[in-house]
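Colleague: Pasting target_27.pdb here (PDB, C-alpha atoms and all ligand atoms):
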ATOM      1  CA  MET P   1     109.901 122.384 165.576
ATOM      2  CA  ASN P   2     107.635 125.304 166.455
ATOM      3  CA  ILE P   3     108.275 128.570 164.639
ATOM      4  CA  LEU P   4     106.002 130.492 167.033
ATOM      5  CA  GLU P   5     105.348 129.719 170.698
ATOM      6  CA  ILE P   6     102.681 131.718 172.470
ATOM      7  CA  SER P   7     102.724 131.367 176.261
ATOM      8  CA  GLN P   8     100.166 132.612 178.769
ATOM      9  CA  LEU P   9      99.293 135.721 176.809
ATOM     10  CA  SER P  10      96.794 138.129 178.368
ATOM     11  CA  LEU P  11      95.476 141.361 176.888
ATOM     12  CA  SER P  12      92.736 143.609 178.271
ATOM     13  CA  PHE P  13      91.083 146.801 177.104
ATOM     14  CA  GLY P  14      89.684 148.363 180.271
ATOM     15  CA  GLY P  15      87.385 145.675 181.611
ATOM     16  CA  VAL P  16      87.335 143.649 178.363
ATOM     17  CA  HIS P  17      89.573 140.578 178.494
ATOM     18  CA  ALA P  18      90.381 140.114 174.814
ATOM     19  CA  LEU P  19      92.943 137.367 175.580
ATOM     20  CA  GLN P  20      93.266 135.391 178.810
ATOM     21  CA  ASP P  21      96.231 133.155 179.445
ATOM     22  CA  VAL P  22      96.452 132.107 175.801
ATOM     23  CA  SER P  23      99.045 129.441 174.992
ATOM     24  CA  PHE P  24      99.482 127.604 171.736
ATOM     25  CA  HIS P  25     102.151 126.858 169.165
ATOM     26  CA  VAL P  26     102.588 127.113 165.423
ATOM     27  CA  PRO P  27     104.588 124.166 164.042
ATOM     28  CA  LYS P  28     106.999 125.153 161.281
ATOM     29  CA  ASP P  29     105.946 124.414 157.673
ATOM     30  CA  THR P  30     102.273 123.971 158.572
ATOM     31  CA  ILE P  31      99.072 125.781 157.845
ATOM     32  CA  THR P  32      97.900 126.640 161.354
ATOM     33  CA  THR P  33      94.498 128.245 161.777
ATOM     34  CA  VAL P  34      92.943 130.124 164.667
ATOM     35  CA  ILE P  35      89.168 129.821 164.734
ATOM     36  CA  GLY P  36      86.478 130.977 167.137
ATOM     37  CA  PRO P  37      83.194 132.866 167.274
ATOM     38  CA  ASN P  38      83.015 136.627 166.700
ATOM     39  CA  GLY P  39      84.808 138.596 169.395
ATOM     40  CA  ALA P  40      86.778 135.535 170.561
ATOM     41  CA  GLY P  41      90.080 137.432 170.344
ATOM     42  CA  LYS P  42      91.517 136.174 167.039
ATOM     43  CA  THR P  43      92.439 139.563 165.583
ATOM     44  CA  SER P  44      93.751 140.726 168.968
ATOM     45  CA  LEU P  45      96.054 137.704 168.969
ATOM     46  CA  PHE P  46      97.305 138.574 165.464
ATOM     47  CA  ASN P  47      97.871 142.157 166.610
ATOM     48  CA  CYS P  48      99.969 140.922 169.536
ATOM     49  CA  ILE P  49     102.077 138.728 167.246
ATOM     50  CA  SER P  50     102.698 141.489 164.712
ATOM     51  CA  GLY P  51     103.403 143.972 167.504
ATOM     52  CA  PHE P  52     100.461 146.373 167.136
ATOM     53  CA  TYR P  53      99.120 145.458 170.592
ATOM     54  CA  LYS P  54     101.246 144.989 173.693
ATOM     55  CA  PRO P  55      99.952 142.137 175.850
ATOM     56  CA  GLN P  56      99.954 142.853 179.590
ATOM     57  CA  GLN P  57     101.233 139.361 180.303
ATOM     58  CA  GLY P  58     102.833 136.427 178.588
ATOM     59  CA  GLU P  59     105.410 135.825 175.921
ATOM     60  CA  ILE P  60     105.625 135.223 172.181
ATOM     61  CA  ARG P  61     108.731 133.450 170.937
ATOM     62  CA  TYR P  62     109.593 133.467 167.248
ATOM     63  CA  GLN P  63     112.273 131.050 166.055
ATOM     64  CA  GLY P  64     113.138 130.497 169.700
ATOM     65  CA  ALA P  65     113.630 134.170 170.650
ATOM     66  CA  PRO P  66     111.197 136.461 172.497
ATOM     67  CA  LEU P  67     109.539 139.200 170.414
ATOM     68  CA  ARG P  68     108.922 141.533 173.343
ATOM     69  CA  GLY P  69     110.144 145.093 172.667
ATOM     70  CA  ILE P  70     110.490 144.572 168.891
ATOM     71  CA  LYS P  71     108.429 147.094 166.890
ATOM     72  CA  PRO P  72     106.061 146.026 164.053
ATOM     73  CA  PRO P  73     108.330 147.035 161.106
ATOM     74  CA  LYS P  74     111.256 145.105 162.594
ATOM     75  CA  ARG P  75     108.998 142.073 163.147
ATOM     76  CA  ALA P  76     108.008 142.276 159.478
ATOM     77  CA  ALA P  77     111.670 142.456 158.449
ATOM     78  CA  LEU P  78     112.357 139.409 160.633
ATOM     79  CA  GLY P  79     109.846 137.454 158.546
ATOM     80  CA  LEU P  80     106.418 137.974 160.121
ATOM     81  CA  ALA P  81     104.291 139.243 157.221
ATOM     82  CA  ARG P  82     100.591 139.894 157.396
ATOM     83  CA  THR P  83      97.433 140.607 155.445
ATOM     84  CA  PHE P  84      94.404 142.306 156.980
ATOM     85  CA  GLN P  85      90.698 141.526 157.404
ATOM     86  CA  ASN P  86      89.871 144.540 155.248
ATOM     87  CA  ILE P  87      92.111 144.977 152.232
ATOM     88  CA  ALA P  88      94.932 147.370 153.111
ATOM     89  CA  LEU P  89      96.387 148.206 149.694
ATOM     90  CA  PHE P  90      97.154 151.568 148.092
ATOM     91  CA  ARG P  91      94.169 151.616 145.798
ATOM     92  CA  GLY P  92      95.361 154.321 143.421
ATOM     93  CA  MET P  93      98.688 152.594 142.818
ATOM     94  CA  THR P  94      99.314 149.774 140.363
ATOM     95  CA  VAL P  95      99.514 146.128 141.326
ATOM     96  CA  LEU P  96     103.265 146.116 140.708
ATOM     97  CA  ASP P  97     103.895 149.208 142.863
ATOM     98  CA  ASN P  98     101.909 147.690 145.699
ATOM     99  CA  ILE P  99     104.006 144.531 145.486
ATOM    100  CA  LYS P 100     107.209 146.589 145.432
ATOM    101  CA  LEU P 101     106.129 148.246 148.670
ATOM    102  CA  GLY P 102     106.077 144.820 150.302
ATOM    103  CA  ALA P 103     109.759 144.370 149.548
ATOM    104  CA  HIS P 104     110.444 147.714 151.179
ATOM    105  CA  VAL P 105     110.721 146.137 154.631
ATOM    106  CA  HIS P 106     114.176 144.955 153.620
ATOM    107  CA  MET P 107     115.491 148.403 152.674
ATOM    108  CA  LYS P 108     118.084 149.718 155.089
ATOM    109  CA  THR P 109     117.133 153.014 156.680
ATOM    110  CA  GLY P 110     118.998 155.572 158.747
ATOM    111  CA  LEU P 111     122.338 157.205 158.018
ATOM    112  CA  LEU P 112     124.587 154.300 158.940
ATOM    113  CA  GLY P 113     122.392 151.853 157.104
ATOM    114  CA  SER P 114     122.360 154.045 153.996
ATOM    115  CA  LEU P 115     126.128 154.472 154.051
ATOM    116  CA  ALA P 116     126.625 150.736 154.304
ATOM    117  CA  TYR P 117     124.064 150.137 151.642
ATOM    118  CA  TYR P 118     125.292 151.254 148.287
ATOM    119  CA  GLY P 119     127.182 149.836 145.336
ATOM    120  CA  ARG P 120     127.263 146.100 144.902
ATOM    121  CA  ALA P 121     125.200 145.211 147.975
ATOM    122  CA  ARG P 122     122.385 147.477 146.846
ATOM    123  CA  ARG P 123     122.499 146.152 143.269
ATOM    124  CA  GLU P 124     122.357 142.591 144.528
ATOM    125  CA  GLU P 125     119.395 143.422 146.749
ATOM    126  CA  MET P 126     117.579 145.041 143.799
ATOM    127  CA  GLU P 127     118.223 141.951 141.657
ATOM    128  CA  ILE P 128     116.870 139.663 144.364
ATOM    129  CA  ARG P 129     113.808 141.882 144.706
ATOM    130  CA  GLU P 130     113.104 141.860 140.986
ATOM    131  CA  GLU P 131     113.495 138.096 140.848
ATOM    132  CA  VAL P 132     111.159 137.649 143.822
ATOM    133  CA  GLU P 133     108.599 140.016 142.276
ATOM    134  CA  ARG P 134     108.692 138.113 138.979
ATOM    135  CA  ARG P 135     108.254 134.808 140.767
ATOM    136  CA  ILE P 136     105.343 136.096 142.832
ATOM    137  CA  ILE P 137     103.564 137.569 139.807
ATOM    138  CA  ASP P 138     103.918 134.277 137.921
ATOM    139  CA  PHE P 139     102.893 132.193 140.895
ATOM    140  CA  LEU P 140      99.747 134.191 141.655
ATOM    141  CA  GLU P 141      98.868 134.500 137.956
ATOM    142  CA  ILE P 142      98.597 138.294 138.017
ATOM    143  CA  ASP P 143     100.938 139.207 135.173
ATOM    144  CA  HIS P 144      98.058 140.477 133.026
ATOM    145  CA  ILE P 145      97.020 143.054 135.654
ATOM    146  CA  ARG P 146     100.387 144.190 136.957
ATOM    147  CA  ARG P 147     100.095 147.704 135.450
ATOM    148  CA  GLN P 148      96.488 148.213 136.550
ATOM    149  CA  PRO P 149      95.501 150.324 139.525
ATOM    150  CA  VAL P 150      94.298 148.160 142.379
ATOM    151  CA  ALA P 151      90.984 150.064 142.667
ATOM    152  CA  SER P 152      89.945 148.850 139.197
ATOM    153  CA  LEU P 153      90.177 145.159 140.130
ATOM    154  CA  PRO P 154      87.474 142.810 141.383
ATOM    155  CA  TYR P 155      87.582 141.943 145.077
ATOM    156  CA  GLY P 156      89.086 138.459 144.662
ATOM    157  CA  LEU P 157      92.014 139.812 142.652
ATOM    158  CA  GLN P 158      92.617 142.598 145.157
ATOM    159  CA  LYS P 159      92.938 139.962 147.879
ATOM    160  CA  ARG P 160      95.421 138.141 145.655
ATOM    161  CA  VAL P 161      97.470 141.334 145.264
ATOM    162  CA  GLU P 162      97.510 141.712 149.034
ATOM    163  CA  LEU P 163      98.864 138.191 149.250
ATOM    164  CA  ALA P 164     101.483 139.085 146.632
ATOM    165  CA  ARG P 165     102.606 142.093 148.647
ATOM    166  CA  ALA P 166     102.923 139.969 151.792
ATOM    167  CA  LEU P 167     105.005 137.396 149.857
ATOM    168  CA  ALA P 168     107.250 140.204 148.602
ATOM    169  CA  MET P 169     108.221 140.706 152.237
ATOM    170  CA  ARG P 170     109.906 137.290 151.937
ATOM    171  CA  PRO P 171     108.154 135.999 155.046
ATOM    172  CA  LYS P 172     108.914 132.985 157.161
ATOM    173  CA  VAL P 173     105.460 133.192 158.716
ATOM    174  CA  LEU P 174     102.620 134.519 156.599
ATOM    175  CA  MET P 175      99.710 135.722 158.734
ATOM    176  CA  LEU P 176      96.416 135.826 156.854
ATOM    177  CA  ASP P 177      93.428 137.502 158.508
ATOM    178  CA  GLU P 178      90.278 136.054 156.923
ATOM    179  CA  PRO P 179      91.791 135.458 153.467
ATOM    180  CA  VAL P 180      88.519 134.286 151.852
ATOM    181  CA  ALA P 181      86.021 136.572 153.595
ATOM    182  CA  GLY P 182      83.582 138.036 151.069
ATOM    183  CA  MET P 183      84.783 135.823 148.204
ATOM    184  CA  ASN P 184      82.639 133.770 145.866
ATOM    185  CA  ARG P 185      83.151 130.025 145.636
ATOM    186  CA  GLU P 186      85.586 130.127 142.726
ATOM    187  CA  GLU P 187      87.692 132.850 144.347
ATOM    188  CA  LYS P 188      87.776 130.816 147.564
ATOM    189  CA  GLU P 189      88.983 127.723 145.720
ATOM    190  CA  ASP P 190      91.738 129.730 144.041
ATOM    191  CA  MET P 191      92.832 131.237 147.335
ATOM    192  CA  ALA P 192      92.840 127.833 149.090
ATOM    193  CA  ARG P 193      95.058 126.453 146.308
ATOM    194  CA  PHE P 194      97.460 129.398 146.578
ATOM    195  CA  ILE P 195      97.726 129.010 150.353
ATOM    196  CA  LEU P 196      98.505 125.292 150.005
ATOM    197  CA  ASP P 197     101.104 126.037 147.322
ATOM    198  CA  ILE P 198     102.695 128.753 149.450
ATOM    199  CA  ARG P 199     103.373 126.212 152.186
ATOM    200  CA  GLU P 200     104.680 123.668 149.665
ATOM    201  CA  GLU P 201     106.708 125.803 147.288
ATOM    202  CA  TRP P 202     107.738 128.887 149.237
ATOM    203  CA  ASP P 203     108.987 127.338 152.457
ATOM    204  CA  VAL P 204     106.585 129.542 154.391
ATOM    205  CA  THR P 205     104.561 128.679 157.502
ATOM    206  CA  VAL P 206     100.998 129.972 157.253
ATOM    207  CA  LEU P 207      99.113 131.264 160.309
ATOM    208  CA  MET P 208      95.537 132.061 159.408
ATOM    209  CA  VAL P 209      92.358 133.372 161.005
ATOM    210  CA  GLU P 210      89.322 132.226 159.056
ATOM    211  CA  HIS P 211      85.591 131.756 159.557
ATOM    212  CA  ASP P 212      84.967 129.534 156.516
ATOM    213  CA  MET P 213      84.997 126.143 158.208
ATOM    214  CA  GLY P 214      84.901 124.200 154.941
ATOM    215  CA  MET P 215      88.185 125.720 153.878
ATOM    216  CA  VAL P 216      89.683 125.628 157.391
ATOM    217  CA  MET P 217      89.032 121.907 157.809
ATOM    218  CA  ASP P 218      90.236 121.161 154.265
ATOM    219  CA  ILE P 219      93.601 122.872 154.297
ATOM    220  CA  SER P 220      94.726 123.287 157.933
ATOM    221  CA  ASP P 221      97.324 121.009 159.507
ATOM    222  CA  HIS P 222      96.834 122.424 162.982
ATOM    223  CA  ILE P 223      93.974 124.392 164.553
ATOM    224  CA  ALA P 224      93.634 126.429 167.743
ATOM    225  CA  VAL P 225      90.139 127.376 168.913
ATOM    226  CA  LEU P 226      89.549 130.577 170.854
ATOM    227  CA  ASN P 227      86.402 131.402 172.785
ATOM    228  CA  PHE P 228      85.999 134.471 174.987
ATOM    229  CA  GLY P 229      89.737 135.093 174.806
ATOM    230  CA  GLN P 230      90.739 131.581 175.880
ATOM    231  CA  VAL P 231      92.081 128.575 173.978
ATOM    232  CA  ILE P 232      89.474 125.849 174.371
ATOM    233  CA  ALA P 233      90.989 123.287 171.973
ATOM    234  CA  GLU P 234      94.089 122.719 169.847
ATOM    235  CA  GLY P 235      94.965 119.934 167.450
ATOM    236  CA  LYS P 236      94.300 118.344 164.073
ATOM    237  CA  PRO P 237      91.111 119.336 162.188
ATOM    238  CA  GLN P 238      89.357 116.023 162.862
ATOM    239  CA  ASP P 239      90.089 116.243 166.628
ATOM    240  CA  VAL P 240      88.965 119.842 166.929
ATOM    241  CA  GLN P 241      85.782 119.123 164.999
ATOM    242  CA  GLN P 242      84.744 116.388 167.456
ATOM    243  CA  ASN P 243      85.657 118.365 170.567
ATOM    244  CA  PRO P 244      82.507 118.941 172.687
ATOM    245  CA  ASP P 245      83.784 122.323 173.955
ATOM    246  CA  VAL P 246      84.214 123.515 170.377
ATOM    247  CA  ILE P 247      80.748 122.359 169.383
ATOM    248  CA  LYS P 248      79.318 124.105 172.440
ATOM    249  CA  ALA P 249      81.181 127.337 171.690
ATOM    250  CA  TYR P 250      79.701 127.448 168.200
ATOM    251  CA  LEU P 251      76.301 126.270 169.379
ATOM    252  CA  GLY P 252      76.173 129.160 171.823
ATOM    253  CA  ASN P 253      76.498 131.547 168.925
ATOM    254  CA  SER P 254      74.596 129.914 166.104
ATOM    255  CA  ASP P 255      71.567 127.808 165.355
ATOM    256  CA  ILE P 256      71.990 124.094 164.681
ATOM    257  CA  ASP P 257      71.997 124.406 160.869
ATOM    258  CA  ASP P 258      74.620 127.090 160.985
ATOM    259  CA  LEU P 259      76.674 124.930 163.338
ATOM    260  CA  ARG P 260      76.471 121.978 160.987
ATOM    261  CA  LYS P 261      77.454 124.167 158.074
ATOM    262  CA  ARG P 262      80.355 125.648 159.994
ATOM    263  CA  LEU P 263      81.823 122.440 161.323
ATOM    264  CA  ASN P 264      81.150 120.086 158.423
ATOM    265  CA  PRO P 265      84.018 120.199 155.952
ATOM    266  CA  ASP P 266      82.022 118.317 153.308
ATOM    267  CA  ARG P 267      79.596 121.198 152.985
ATOM    268  CA  GLU P 268      81.449 122.633 150.048
ATOM    269  CA  ALA P 269      84.933 122.430 148.623
ATOM    270  CA  ALA P 270      86.977 125.282 150.073
TER     271      ALA P 270
HETATM  272  N1  LIG H   1      91.367 148.252 170.197
HETATM  273  C1  LIG H   1      90.408 147.737 170.979
HETATM  274  N2  LIG H   1      89.822 148.485 171.937
HETATM  275  C2  LIG H   1      88.881 147.962 172.754
HETATM  276  N3  LIG H   1      88.434 146.692 172.670
HETATM  277  C3  LIG H   1      88.960 145.917 171.722
HETATM  278  C4  LIG H   1      89.974 146.379 170.817
HETATM  279  N4  LIG H   1      90.329 145.358 169.969
HETATM  280  C5  LIG H   1      89.553 144.304 170.330
HETATM  281  N5  LIG H   1      88.744 144.638 171.375
HETATM  282  C6  LIG H   1      87.796 143.741 172.050
HETATM  283  O1  LIG H   1      88.437 142.519 172.299
HETATM  284  C7  LIG H   1      87.555 141.425 172.079
HETATM  285  C8  LIG H   1      88.140 140.496 171.014
HETATM  286  O2  LIG H   1      88.070 141.166 169.750
HETATM  287  P1  LIG H   1      88.761 140.606 168.422
HETATM  288  O3  LIG H   1      88.549 141.619 167.350
HETATM  289  O4  LIG H   1      90.161 140.222 168.729
HETATM  290  O5  LIG H   1      87.885 139.305 168.148
HETATM  291  P2  LIG H   1      87.828 138.394 166.830
HETATM  292  O6  LIG H   1      87.834 136.992 167.314
HETATM  293  O7  LIG H   1      88.891 138.802 165.883
HETATM  294  O8  LIG H   1      86.391 138.773 166.244
HETATM  295  P3  LIG H   1      85.857 138.716 164.706
HETATM  296  O9  LIG H   1      85.752 137.273 164.337
HETATM  297  O10 LIG H   1      84.517 139.355 164.820
HETATM  298  O11 LIG H   1      86.822 139.498 163.870
HETATM  299  C9  LIG H   1      86.215 142.021 171.676
HETATM  300  O12 LIG H   1      85.405 142.103 172.824
HETATM  301  C10 LIG H   1      86.593 143.388 171.156
HETATM  302  O13 LIG H   1      85.527 144.304 171.321
END
Just dump the structure as structure tokens.
Modeller:
Amino acid sequence: MNILEISQLSLSFGGVHALQDVSFHVPKDTITTVIGPNGAGKTSLFNCISGFYKPQQGEIRYQGAPLRGIKPPKRAALGLARTFQNIALFRGMTVLDNIKLGAHVHMKTGLLGSLAYYGRARREEMEIREEVERRIIDFLEIDHIRRQPVASLPYGLQKRVELARALAMRPKVLMLDEPVAGMNREEKEDMARFILDIREEWDVTVLMVEHDMGMVMDISDHIAVLNFGQVIAEGKPQDVQQNPDVIKAYLGNSDIDDLRKRLNPDREAA
């Protein structure tokens, strides 16, 4: 079953065609990765799925239902959680407070919601939240820093806190925009392990944009390749890697050594 179905999506900014007739699917319980050279449209696609951009054409279906007209906070509450290319945490706040903000998407707002949301229901929700927060902190091994302000942490740990906040949203689809960008090798290996464990232990489908081809080929179940706003290949890592159109797309943007490094998963572990 596909948890997300993207059909014939097109998005333009003036004369720039960021996405052209993009169709692909995200099978449930997989790690699905969107790759492609710089400017290929990967972040634009993420922005369409999370509702920040409105495509001029096409449809995105989530759990079988169209997302059109649903605003970003509602999409998050429905289970589409996201991290960003550049860390988007509240740097002055503690790790724990940042994680608590993630859970906020489930708070009822508005007068009717507030009236319906007191007493036992609210207590139960708070208990669930605390339990989820505890589980996330244990899982991501960040108990020792939970009272520290985010700004005081090294980059790799900040990225982990961002992941924690996204998990606190209790997602069904976790969208990760370049989760290992800027990380050293050890941080990358940790992050790759966490992403694999999230799929296994948290019943979450992962949709990722990532440039690190070693990690992409190692941990992805399904890959879609974008180039100039169009899907040029989709399939298993080994199929995508051999695809002549994919090789050409990367060759057009890199020298041969860079290409080898990018497409060869044996280059380095994660
Ligand atoms: N808000 C915007 N306004 C105008 N043009 C935009 C906007 N967002 C994206 N674009 C353009 O759309 C195209 C695709 O950009 P996008 O950021 O989606 O690519 P990308 O694959 O995520 O690139 P990268 O790997 O460098 O992050 C680019 O030509 C970009 O300049």
Colleague: Pull out every residue that the PyMOL selection byres (((not hetatm)) within 7 of (chain H and resi 1)) matches in the shown coordinates and put them as a list in words.
Modeller: Phe13, Val16, His17, Ala18, Gly36, Pro37, Asn38, Gly39, Ala40, Gly41, Lys42, Thr43, Ser44, Leu45 and Gly229 of chain P
Colleague: Would you mind telling me which residue in P:Arg134, P:Lys236, P:Arg199, P:Arg129 lies nearest to P:Asp29 when using all atoms listed in the file?
Modeller: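 Nearest to P:Asp29: P:Arg199.
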Colleague: I would like the residues chosen by the PyMOL selection byres (((chain P and resi 83) around 7) and not hetatm) on the shown file; could you give them as a ChimeraX atom specification?
Modeller: /P:82,84,162-163,166,175-177
Colleague: Could you give me, as a compact mmCIF listing (two decimals) with C-alpha atoms, keeping the file's coordinate frame, the residues within 10 Å of P:Arg147, counting only C-alpha atoms and dropping anything in the same chain fewer than 3 positions from it?
Modeller:
# COMPACT_ATOMS: atom_id res chain seq x y z
CA MET P 93 98.69 152.59 142.82
CA THR P 94 99.31 149.77 140.36
CA VAL P 95 99.51 146.13 141.33
CA LEU P 96 103.26 146.12 140.71
CA ASP P 97 103.90 149.21 142.86
CA ILE P 142 98.60 138.29 138.02
CA ASP P 143 100.94 139.21 135.17
CA HIS P 144 98.06 140.48 133.03
CA VAL P 150 94.30 148.16 142.38
Colleague: Quick check on the file I pasted: which residues fall under the PyMOL selection byres (((chain P and resi 73) around 10) and not hetatm)? Write them as a list in words.
Modeller: Ser50, Gly51, Phe52, Ile70, Lys71, Pro72, Lys74, Arg75, Ala76, Ala77, Leu78, Leu80, Ala81, Val105 and His106 of chain P
Colleague: Please indicate the distance in Å from atom CA of P:Thr33 to atom CA of P:Gln20, rounded to one decimal place.
Modeller: 18.5 Å
Colleague: For a quick check of understanding, using only C-alpha atoms, which of P:Met215, P:Gly64, P:Thr32, P:Gln230 has the smallest distance to P:Leu11?
Modeller: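 Looking only at the distances to P:Leu11, the closest residue turns out to be P:Gln230.
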Colleague: Using only C-alpha atoms, find the one residue out of P:Lys54, P:Phe24, P:Arg193, P:Asn98 that sits nearest to P:Ser10.
Modeller: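 Using only C-alpha atoms, P:Ser10 sits closest to P:Lys54.
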Colleague: Rounded to one decimal place, report the atom CA of P:Glu59-atom CA of P:Val204 distance in Å.
Modeller: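 Going from atom CA of P:Glu59 over to atom CA of P:Val204 covers 22.5 Å.
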Colleague: Measure the distance from atom CA of P:Ile232 to atom CA of P:Gln63 in Å and round it to one decimal.
Modeller: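 Going from atom CA of P:Ile232 over to atom CA of P:Gln63 covers 24.8 Å.
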Colleague: Name the closest residue to P:Ile3 among the candidates P:Gly102, P:Gly15, P:Pro27, P:Pro154; distances are taken between atoms, counting all atoms listed in the file.
Modeller: P:Pro27
Colleague: Could you check which of P:Val34, P:Leu19, P:Val206, P:Ala192 is closest to P:Val173, using all atoms listed in the file?
Modeller: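 The shortest atom-to-atom distance to P:Val173 comes from P:Val206.
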Colleague: Ranking P:Val209, P:Met169, P:Ile31, P:Ile136 by minimum distance to P:Asn47 and counting only C-alpha atoms, which one comes first?
Modeller: P:Val209
Colleague: List as a list in words the protein and nucleic acid residues near P:Ala164, meaning an atom at most 8 Å away when all atoms listed in the file are counted, but skip any in the same chain fewer than 5 places from it.
Modeller: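 Returned residues: Ile99, Ile136, Ile137 and Leu140 of chain P.
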Colleague: Can you tell me, as JSON, the centre and edge lengths (Å, one decimal) of the axis-aligned box enclosing all of stretch 199-204 of chain P's listed atoms after padding each side by 5 Å?
Modeller:
{"center_x": 106.2, "center_y": 126.6, "center_z": 150.8, "size_x": 15.6, "size_y": 15.9, "size_z": 17.1}
